[in-house]
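See below for model.txt, which holds compact mmCIF, C-alpha atoms.
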```txt
# COMPACT_ATOMS: atom_id res chain seq x y z
CA MET A 96 -24.93 -71.42 44.46
CA ASN A 97 -26.64 -68.77 42.39
CA ASP A 98 -23.95 -66.46 40.90
CA THR A 99 -26.47 -64.11 39.31
CA PRO A 100 -25.80 -60.60 40.64
CA THR A 101 -28.47 -58.95 42.68
CA ILE A 102 -30.02 -55.96 40.90
CA LEU A 103 -30.79 -53.14 43.30
CA ARG A 104 -33.81 -51.24 42.06
CA PRO A 105 -34.08 -47.66 43.31
CA ASN A 106 -37.22 -46.90 45.18
CA ARG A 107 -39.36 -43.81 44.70
CA ARG A 108 -37.63 -41.92 47.50
CA THR A 109 -34.16 -42.52 45.97
CA LEU A 110 -35.30 -41.33 42.54
CA LEU A 111 -36.87 -38.24 44.04
CA ALA A 112 -33.70 -37.37 45.95
CA ALA A 113 -31.57 -37.83 42.85
CA GLY A 114 -33.91 -35.67 40.80
CA LEU A 115 -33.74 -32.88 43.33
CA ALA A 116 -29.95 -33.07 43.56
CA MET A 117 -29.20 -33.01 39.81
CA PRO A 118 -30.06 -29.32 39.14
CA ALA A 119 -27.91 -28.30 42.09
CA ILE A 120 -24.99 -30.35 40.76
CA LEU A 121 -25.36 -28.84 37.30
CA THR A 122 -25.55 -25.34 38.74
CA LEU A 123 -22.40 -25.88 40.78
CA THR A 124 -20.62 -27.33 37.73
CA ARG A 125 -21.58 -24.44 35.52
CA GLY A 126 -20.53 -22.01 38.23
CA ALA A 127 -17.15 -23.70 38.54
CA PHE A 128 -16.55 -23.37 34.79
CA ALA A 129 -17.74 -19.76 34.77
CA GLN A 130 -15.38 -18.86 37.60
CA ALA A 131 -12.38 -20.77 36.27
CA GLN A 132 -9.09 -18.90 36.33
CA ILE A 133 -8.03 -17.58 32.92
CA ASN A 134 -4.38 -16.75 32.30
CA LEU A 135 -3.59 -14.69 29.20
CA THR A 136 -0.34 -13.49 27.63
CA LEU A 137 0.35 -10.17 25.91
CA GLY A 138 3.65 -9.74 24.09
CA HIS A 139 5.18 -6.64 22.47
CA ASN A 140 8.57 -5.25 21.50
CA ALA A 141 8.56 -1.81 23.12
CA ALA A 142 11.19 -0.76 25.65
CA ALA A 143 10.39 0.02 29.28
CA GLY A 144 8.92 3.50 29.64
CA ASN A 145 7.60 3.56 26.08
CA PRO A 146 3.87 4.52 25.96
CA ARG A 147 3.13 1.09 24.47
CA TRP A 148 4.81 -0.59 27.46
CA VAL A 149 2.96 1.57 30.00
CA ALA A 150 -0.45 1.14 28.33
CA ALA A 151 -0.01 -2.62 27.95
CA ASP A 152 0.70 -2.88 31.67
CA LYS A 153 -2.36 -0.73 32.36
CA PHE A 154 -4.50 -3.06 30.25
CA GLY A 155 -3.38 -6.03 32.36
CA GLU A 156 -4.16 -4.17 35.58
CA LEU A 157 -7.63 -3.19 34.39
CA VAL A 158 -8.56 -6.72 33.35
CA LYS A 159 -7.38 -8.12 36.68
CA GLU A 160 -9.23 -5.45 38.63
CA ARG A 161 -12.50 -5.80 36.72
CA THR A 162 -12.59 -9.59 37.07
CA ASN A 163 -11.41 -9.64 40.70
CA GLY A 164 -8.29 -11.47 39.61
CA ARG A 165 -10.13 -14.24 37.76
CA ILE A 166 -8.50 -13.17 34.49
CA SER A 167 -4.80 -12.40 34.69
CA VAL A 168 -2.65 -11.02 31.88
CA ARG A 169 1.06 -11.68 31.75
CA VAL A 170 2.49 -8.68 29.90
CA ALA A 171 5.93 -9.26 28.39
CA GLY A 172 7.62 -6.38 26.55
CA ALA A 173 11.03 -5.85 24.92
CA GLU A 174 10.66 -9.01 22.78
CA GLN A 175 10.64 -11.31 25.83
CA LEU A 176 8.22 -13.62 24.02
CA GLY A 177 9.92 -13.21 20.64
CA ASN A 178 10.20 -10.57 17.95
CA GLU A 179 7.15 -9.21 16.20
CA GLN A 180 7.13 -11.80 13.44
CA SER A 181 7.23 -14.71 15.87
CA LEU A 182 4.60 -13.05 18.10
CA LEU A 183 2.22 -12.81 15.15
CA THR A 184 2.75 -16.46 14.31
CA SER A 185 2.12 -17.40 17.94
CA LEU A 186 -1.01 -15.26 17.94
CA ARG A 187 -2.53 -17.16 15.04
CA THR A 188 -1.88 -20.52 16.70
CA GLY A 189 -3.10 -19.35 20.12
CA ALA A 190 0.33 -19.82 21.75
CA VAL A 191 0.22 -16.09 22.59
CA ASP A 192 -3.13 -14.50 23.33
CA MET A 193 -2.51 -10.83 22.49
CA THR A 194 0.07 -8.54 21.00
CA VAL A 195 0.45 -4.84 20.33
CA ASN A 196 2.48 -5.01 17.18
CA SER A 197 3.85 -2.55 14.68
CA GLN A 198 2.00 -1.83 11.48
CA GLY A 199 4.97 -2.90 9.38
CA SER A 200 5.35 -6.39 10.80
CA THR A 201 1.60 -6.98 10.85
CA SER A 202 1.31 -6.05 7.18
CA ALA A 203 3.25 -9.22 6.33
CA LEU A 204 0.00 -11.06 7.17
CA LEU A 205 -2.45 -8.36 6.08
CA PRO A 206 -0.72 -6.46 3.24
CA GLU A 207 -3.43 -3.82 2.86
CA LEU A 208 -2.70 -2.62 6.41
CA ALA A 209 0.54 -1.12 5.11
CA ALA A 210 -1.48 1.30 2.97
CA LEU A 211 -2.14 3.31 6.14
CA GLY A 212 1.48 4.40 5.78
CA LEU A 213 1.19 5.95 2.33
CA PRO A 214 3.56 8.96 2.29
CA PHE A 215 2.00 12.08 3.79
CA LEU A 216 -1.46 10.48 3.79
CA PHE A 217 -2.22 11.78 7.30
CA ALA A 218 -1.11 15.15 8.63
CA ASN A 219 -1.25 13.88 12.19
CA SER A 220 -2.49 11.04 14.39
CA ALA A 221 -5.90 12.62 14.97
CA ALA A 222 -6.60 12.58 11.22
CA ALA A 223 -5.59 8.92 11.03
CA PHE A 224 -7.77 7.81 13.95
CA LYS A 225 -10.75 9.64 12.47
CA VAL A 226 -10.46 7.38 9.41
CA LEU A 227 -9.79 4.21 11.41
CA GLU A 228 -12.84 4.77 13.57
CA GLY A 229 -15.07 4.82 10.47
CA PRO A 230 -15.85 2.38 7.63
CA ILE A 231 -12.16 1.84 6.81
CA GLY A 232 -11.48 0.58 10.32
CA ALA A 233 -14.54 -1.68 10.21
CA GLU A 234 -13.33 -3.15 6.92
CA LEU A 235 -9.91 -3.83 8.38
CA ASP A 236 -11.57 -5.56 11.35
CA GLN A 237 -13.26 -7.96 8.94
CA ARG A 238 -10.04 -8.57 7.04
CA PHE A 239 -8.21 -9.38 10.28
CA GLY A 240 -10.95 -11.87 11.14
CA LYS A 241 -10.16 -13.82 7.99
CA ILE A 242 -6.59 -14.43 9.19
CA GLY A 243 -7.51 -15.47 12.73
CA MET A 244 -7.11 -12.18 14.60
CA VAL A 245 -9.51 -9.93 16.52
CA PRO A 246 -8.57 -6.22 16.64
CA LEU A 247 -9.03 -4.73 20.10
CA GLY A 248 -7.95 -1.21 19.18
CA TRP A 249 -5.64 1.05 17.21
CA TRP A 250 -2.72 2.41 19.20
CA ASP A 251 -0.51 5.25 17.99
CA ASN A 252 2.90 4.65 16.45
CA GLY A 253 3.08 8.19 15.22
CA ILE A 254 4.50 10.31 12.47
CA ARG A 255 7.91 8.97 11.50
CA ASN A 256 11.22 10.75 11.00
CA VAL A 257 14.73 9.84 9.84
CA THR A 258 17.94 9.61 11.85
CA ASN A 259 21.43 8.79 10.57
CA SER A 260 25.09 9.05 11.44
CA LYS A 261 26.30 10.86 8.30
CA ARG A 262 24.50 14.16 7.59
CA PRO A 263 21.28 16.15 7.95
CA ILE A 264 18.50 15.06 5.58
CA VAL A 265 16.93 18.20 4.12
CA LYS A 266 16.13 17.21 0.53
CA PRO A 267 15.34 13.74 -0.83
CA ALA A 268 18.72 13.77 -2.59
CA ASP A 269 20.40 13.71 0.82
CA LEU A 270 19.27 10.10 1.23
CA LYS A 271 21.16 8.88 -1.82
CA GLY A 272 23.98 6.54 -0.89
CA LEU A 273 22.68 5.94 2.63
CA LYS A 274 21.67 2.52 3.92
CA ILE A 275 18.46 2.91 5.91
CA ARG A 276 17.00 0.28 8.21
CA THR A 277 13.28 -0.20 7.74
CA PRO A 278 10.85 -2.60 9.39
CA PRO A 279 9.71 -5.51 7.19
CA ASP A 280 7.06 -3.21 5.75
CA PRO A 281 6.71 -3.01 1.97
CA MET A 282 5.34 0.54 2.14
CA THR A 283 8.35 1.92 4.00
CA ILE A 284 10.67 0.03 1.68
CA ASP A 285 8.91 1.47 -1.38
CA ILE A 286 9.08 5.00 0.04
CA PHE A 287 12.80 4.94 0.77
CA GLN A 288 13.80 3.17 -2.40
CA THR A 289 11.73 5.69 -4.36
CA LEU A 290 13.61 8.46 -2.54
CA GLY A 291 16.95 6.93 -3.53
CA ALA A 292 18.12 5.19 -0.35
CA SER A 293 19.05 1.53 -0.06
CA THR A 294 17.12 -0.37 2.59
CA GLU A 295 17.86 -3.14 5.05
CA GLN A 296 15.33 -4.99 7.22
CA ILE A 297 16.56 -5.50 10.78
CA SER A 298 14.59 -6.46 13.88
CA PHE A 299 13.91 -3.48 16.13
CA GLY A 300 15.53 -5.29 19.03
CA GLU A 301 18.77 -5.49 17.02
CA LEU A 302 18.63 -1.97 15.61
CA TYR A 303 20.76 -0.14 18.20
CA VAL A 304 23.70 -2.49 17.69
CA ALA A 305 23.29 -2.40 13.90
CA LEU A 306 23.52 1.40 13.96
CA GLN A 307 26.38 1.34 16.44
CA GLN A 308 28.39 -1.05 14.28
CA GLY A 309 27.63 0.73 11.03
CA VAL A 310 25.67 -2.14 9.51
CA VAL A 311 23.21 0.58 8.47
CA ASP A 312 23.67 4.36 8.41
CA GLY A 313 20.25 5.32 9.65
CA GLN A 314 16.66 4.39 10.33
CA GLU A 315 13.16 5.89 10.54
CA ASN A 316 10.82 5.88 13.54
CA PRO A 317 8.62 8.17 15.60
CA LEU A 318 10.59 10.37 17.98
CA VAL A 319 9.16 8.43 20.94
CA ASN A 320 10.82 5.18 19.82
CA ILE A 321 14.07 6.95 18.97
CA TYR A 322 14.07 8.38 22.50
CA SER A 323 12.99 5.33 24.52
CA SER A 324 15.41 3.00 22.72
CA LYS A 325 18.25 5.58 22.84
CA LEU A 326 18.87 5.43 19.10
CA TYR A 327 20.05 9.04 19.24
CA GLU A 328 23.18 7.80 21.02
CA VAL A 329 24.36 6.22 17.76
CA ASN A 330 22.62 8.56 15.27
CA LYS A 331 23.33 12.25 15.95
CA PHE A 332 21.41 13.63 12.95
CA ILE A 333 17.63 13.76 13.51
CA SER A 334 15.71 14.99 10.48
CA LEU A 335 12.02 15.79 10.85
CA THR A 336 10.81 14.37 7.55
CA GLY A 337 7.32 13.40 8.79
CA HIS A 338 7.11 11.08 5.77
CA LYS A 339 4.42 8.71 7.04
CA TRP A 340 2.15 7.72 9.93
CA GLU A 341 1.76 4.28 11.47
CA CYS A 342 -0.52 2.56 13.93
CA SER A 343 0.16 -0.20 16.43
CA PRO A 344 -2.77 -2.62 16.13
CA PHE A 345 -3.76 -4.27 19.41
CA LEU A 346 -4.73 -7.82 18.40
CA MET A 347 -6.11 -10.90 20.12
CA SER A 348 -5.93 -14.47 18.89
CA GLN A 349 -9.28 -15.54 17.47
CA ILE A 350 -8.73 -18.90 19.17
CA THR A 351 -8.56 -17.16 22.55
CA TRP A 352 -11.46 -14.87 21.74
CA MET A 353 -13.76 -17.79 21.00
CA ARG A 354 -12.99 -19.35 24.40
CA LEU A 355 -14.19 -16.27 26.27
CA THR A 356 -17.73 -15.68 27.45
CA PRO A 357 -19.58 -12.60 26.14
CA ALA A 358 -19.15 -10.97 29.55
CA ASP A 359 -15.39 -11.56 29.52
CA ARG A 360 -15.15 -10.21 25.99
CA ASP A 361 -16.82 -7.02 27.18
CA VAL A 362 -14.25 -6.70 29.96
CA ILE A 363 -11.40 -7.18 27.50
CA LYS A 364 -12.84 -4.64 25.04
CA GLY A 365 -13.48 -2.09 27.77
CA ALA A 366 -9.97 -2.42 29.19
CA ALA A 367 -8.48 -2.23 25.70
CA LYS A 368 -10.37 0.99 24.97
CA GLU A 369 -9.20 2.62 28.20
CA ALA A 370 -5.60 1.46 27.74
CA GLY A 371 -5.66 2.63 24.12
CA ASP A 372 -6.84 6.11 25.11
CA LEU A 373 -4.01 6.23 27.65
CA GLN A 374 -1.45 5.11 25.07
CA ARG A 375 -2.48 7.79 22.60
CA LYS A 376 -2.20 10.55 25.20
CA LEU A 377 1.11 9.28 26.54
CA PHE A 378 2.42 8.99 23.00
CA ALA A 379 1.54 12.59 22.12
CA ASP A 380 3.10 13.87 25.36
CA ALA A 381 6.22 11.73 24.98
CA ASN A 382 6.67 12.76 21.35
CA ALA A 383 6.63 16.45 22.29
CA LYS A 384 9.07 15.84 25.16
CA ALA A 385 11.41 13.82 22.95
CA GLU A 386 11.58 16.60 20.35
CA ALA A 387 12.22 19.23 23.01
CA ASP A 388 14.99 17.14 24.60
CA PHE A 389 16.58 16.43 21.23
CA ARG A 390 16.64 20.11 20.31
CA ALA A 391 18.16 20.98 23.69
CA ASN A 392 20.92 18.36 23.41
CA PRO A 393 24.12 20.00 22.08
CA LYS A 394 25.42 16.62 20.88
CA LEU A 395 22.55 16.23 18.42
CA GLU A 396 21.61 18.04 15.22
CA VAL A 397 17.86 18.38 14.64
CA ASN A 398 16.63 19.83 11.36
CA GLU A 399 13.37 20.42 9.52
CA ALA A 400 13.21 18.59 6.18
CA ASP A 401 11.74 20.11 3.02
CA LYS A 402 8.42 18.25 3.27
CA PRO A 403 6.94 19.54 0.00
CA ALA A 404 9.99 18.17 -1.80
CA PHE A 405 9.62 14.81 -0.04
CA ARG A 406 5.90 14.72 -0.80
CA GLU A 407 6.53 15.33 -4.49
CA ALA A 408 9.40 12.83 -4.70
CA SER A 409 7.35 10.05 -3.09
CA ALA A 410 4.07 10.68 -4.95
CA LYS A 411 4.50 7.75 -7.35
CA VAL A 412 4.22 5.33 -4.40
CA TYR A 413 0.46 5.97 -4.54
CA GLU A 414 0.25 4.61 -8.07
CA ILE A 415 2.34 1.57 -7.12
CA TRP A 416 -0.10 0.72 -4.33
CA LYS A 417 -3.27 1.43 -6.26
CA ALA A 418 -2.09 -1.17 -8.78
CA LYS A 419 -1.92 -3.92 -6.15
CA PRO A 420 -4.62 -6.66 -5.88
CA PHE A 421 -6.27 -4.69 -3.05
CA GLY A 422 -6.04 -1.41 -4.97
CA ASP A 423 -9.76 -0.78 -4.49
CA PHE A 424 -9.19 -0.66 -0.72
CA VAL A 425 -6.29 1.77 -1.23
CA THR A 426 -8.50 4.02 -3.32
CA ARG A 427 -11.21 4.04 -0.64
CA LEU A 428 -8.62 4.72 2.07
CA VAL A 429 -7.13 7.69 0.20
CA ALA A 430 -10.61 9.10 -0.43
CA ALA A 431 -11.51 8.76 3.26
CA ALA A 432 -8.26 10.45 4.33
CA ARG A 433 -8.92 13.40 2.02
CA THR A 434 -12.53 13.91 3.04
```

Could you take the file, read its structure, and then write that structure out as structure tokens?
Amino acid sequence: MNDTPTILRPNRRTLLAAGLAMPAILTLTRGAFAQAQINLTLGHNAAAGNPRWVAADKFGELVKERTNGRISVRVAGAEQLGNEQSLLTSLRTGAVDMTVNSQGSTSALLPELAALGLPFLFANSAAAFKVLEGPIGAELDQRFGKIGMVPLGWWDNGIRNVTNSKRPIVKPADLKGLKIRTPPDPMTIDIFQTLGASTEQISFGELYVALQQGVVDGQENPLVNIYSSKLYEVNKFISLTGHKWECSPFLMSQITWMRLTPADRDVIKGAAKEAGDLQRKLFADANAKAEADFRANPKLEVNEADKPAFREASAKVYEIWKAKPFGDFVTRLVAAART
């Protein structure tokens, strides 16, 4: 018996059919990949009702709507996916796709970002965004790229003020002897230590309890955050120091970004721009409402601080930061802010 296998040779008709079918198969395959479901995550630490929470939800809705549900975004606020430090770590590894983080926490990975919070550098948010939407912002985009992050926008974290449980803060000397919670932001730490306070770094999610239990006497934040997280319940003195401005950078993992098609990137950028515009407006409105409500609350004491005195007392922070390895960036930033 001959055990040699029979070799079936395709005839001309078979080859022709196969040749005609192959482009169709490739087209269907490419189409399947192009239409594959994409599930993204966006984590942040803001409380429900905060402008950051509302705008992050809006971003998710816009992406879903503009891709007919093909790209979904799971938005998780209030530290559901971890605190800011862990979110940033997850962002760099691609475990989390996006985060709207605070300037302070983000500066642990990009130290020069903290320079945006130089004392009294910006009179208001509009002045800050004017600088960030120019060459300074473009330079920061490049610097973020070197640490595996893609900036999608600059959200507002506002002009910051001090609250505490002991006394009104009118002059810098009123801070002496107080323990003030700050984010893990070297700029804020430098400002308050220069002003004579002692500082303690506590996660924002743990701040209410820390104030309630007297672990720290006070803290500093925009009025919006003080209001939405009810910090005024445990700190009756609200002093309008206006000592610095901060942003909330909206960041995407570079790993995730590289997986997206150019068309999907455009959708993400467009939705981020619209959500960012919403956040800025909501923030301004909420800040004004918070101040009005605080002033109307008989259980609280709201006071204007002597800002010229604070500006003078914190001036040497500029020299400290110009002496850092990225001092040239600080110099350019200050020049841009004063133009």

Shell of 10 Å around stretch 150-162 of chain A, only C-alpha atoms, local chain residues under 2 positions omitted, as JSON, numbers by chain: {"A": [130, 132, 135, 136, 137, 138, 139, 141, 144, 145, 146, 147, 148, 164, 165, 166, 167, 168, 169, 170, 171, 172, 194, 195, 250, 345, 359, 362, 363, 364, 365, 366, 367, 368, 369, 370, 371, 372, 373, 374, 375, 377, 378]}

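Candidate residues A:Cys342, A:Leu273, A:Pro403, A:Gln314 were compared for distance to A:Val226, and the nearest is A:Cys342, using only C-alpha atoms.
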
Of the listed residues A:Leu306, A:Leu205, A:Ala173, A:Ala404, that which approaches A:Asn330 most closely, counting only C-alpha atoms: A:Leu306

Using the file's own x, y and z axes, what box holds all listed atoms of stretch 233-251 of chain A with 5 Å on each side, keeping edges along x, y and z, and what are its centre and edge lengths in Å to one decimal, as JSON?
```
{"center_x": -7.5, "center_y": -5.1, "center_z": 13.5, "size_x": 24.0, "size_y": 30.7, "size_z": 23.2}
```

Coordinates-based distance that separates atom CA of A:Ser202 from atom CA of A:Phe299 (Å, one decimal): 15.7 Å

Best match for closeness to A:Lys331 among A:Gly232, A:Pro420, A:Gly313, A:Gly272, counting all atoms listed in the file: A:Gly313

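Atom to atom, atom CA of A:Val397 and atom CA of A:Lys266 stand 14.3 Å apart.
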
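Counting from atom CA of A:Glu328, the distance to atom CA of A:Leu395 is 8.8 Å.
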
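The closest residue to A:Gly189, picked from A:Arg276, A:Arg262, A:Lys402, A:Arg354 and counting all atoms listed in the file, is A:Arg354.
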
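Remark: for A:Trp249, the closest of the candidate residues A:Leu235, A:Ala418, A:Gly291, A:Thr184 is A:Leu235 (distances computed over all atoms listed in the file).
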
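Ranking A:Tyr327, A:Glu301, A:Gln307, A:Thr201 by their shortest atom-to-atom distance to A:Asn392, with all atoms listed in the file included, puts A:Tyr327 first.
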
Residue list as a PyMOL selection string for point (7.5, 1.0, 0.3), cut-off 9 Å, only C-alpha atoms: chain A and resi 209+212-213+280-289+412+416

For A:Ala268: contacts at 9 Å, all atoms listed in the file, fewer than 3 positions along chain excluded, given as number ranges by chain: A: 264-265, 271, 290-292

Selection: 12 Å around A:Phe421, only C-alpha atoms, excl. self and same-chain fewer than 2 positions, as a count of residues only: 18

Find the residues of stretch 191-260 of chain A that sit at most 12 Å from stretch 315-321 of chain A; for each, write down the nearest two atoms and how far apart they are in Å, to one decimal. Count only C-alpha atoms. Sort by chain, then by number going up, and give it as a Markdown table.
```
| residue | atom | partner | partner_atom | distance |
| --- | --- | --- | --- | --- |
| A:Ser197 | CA | A:Asn316 | CA | 11.0 |
| A:Gln198 | CA | A:Asn316 | CA | 11.9 |
| A:Gly199 | CA | A:Asn316 | CA | 11.3 |
| A:Asn219 | CA | A:Pro317 | CA | 11.9 |
| A:Ser220 | CA | A:Pro317 | CA | 11.5 |
| A:Asp251 | CA | A:Pro317 | CA | 9.9 |
| A:Asn252 | CA | A:Pro317 | CA | 6.8 |
| A:Gly253 | CA | A:Pro317 | CA | 5.6 |
| A:Ile254 | CA | A:Pro317 | CA | 5.6 |
| A:Arg255 | CA | A:Pro317 | CA | 4.2 |
| A:Asn256 | CA | A:Glu315 | CA | 5.3 |
| A:Val257 | CA | A:Glu315 | CA | 4.3 |
| A:Thr258 | CA | A:Glu315 | CA | 6.2 |
| A:Asn259 | CA | A:Glu315 | CA | 8.8 |
```
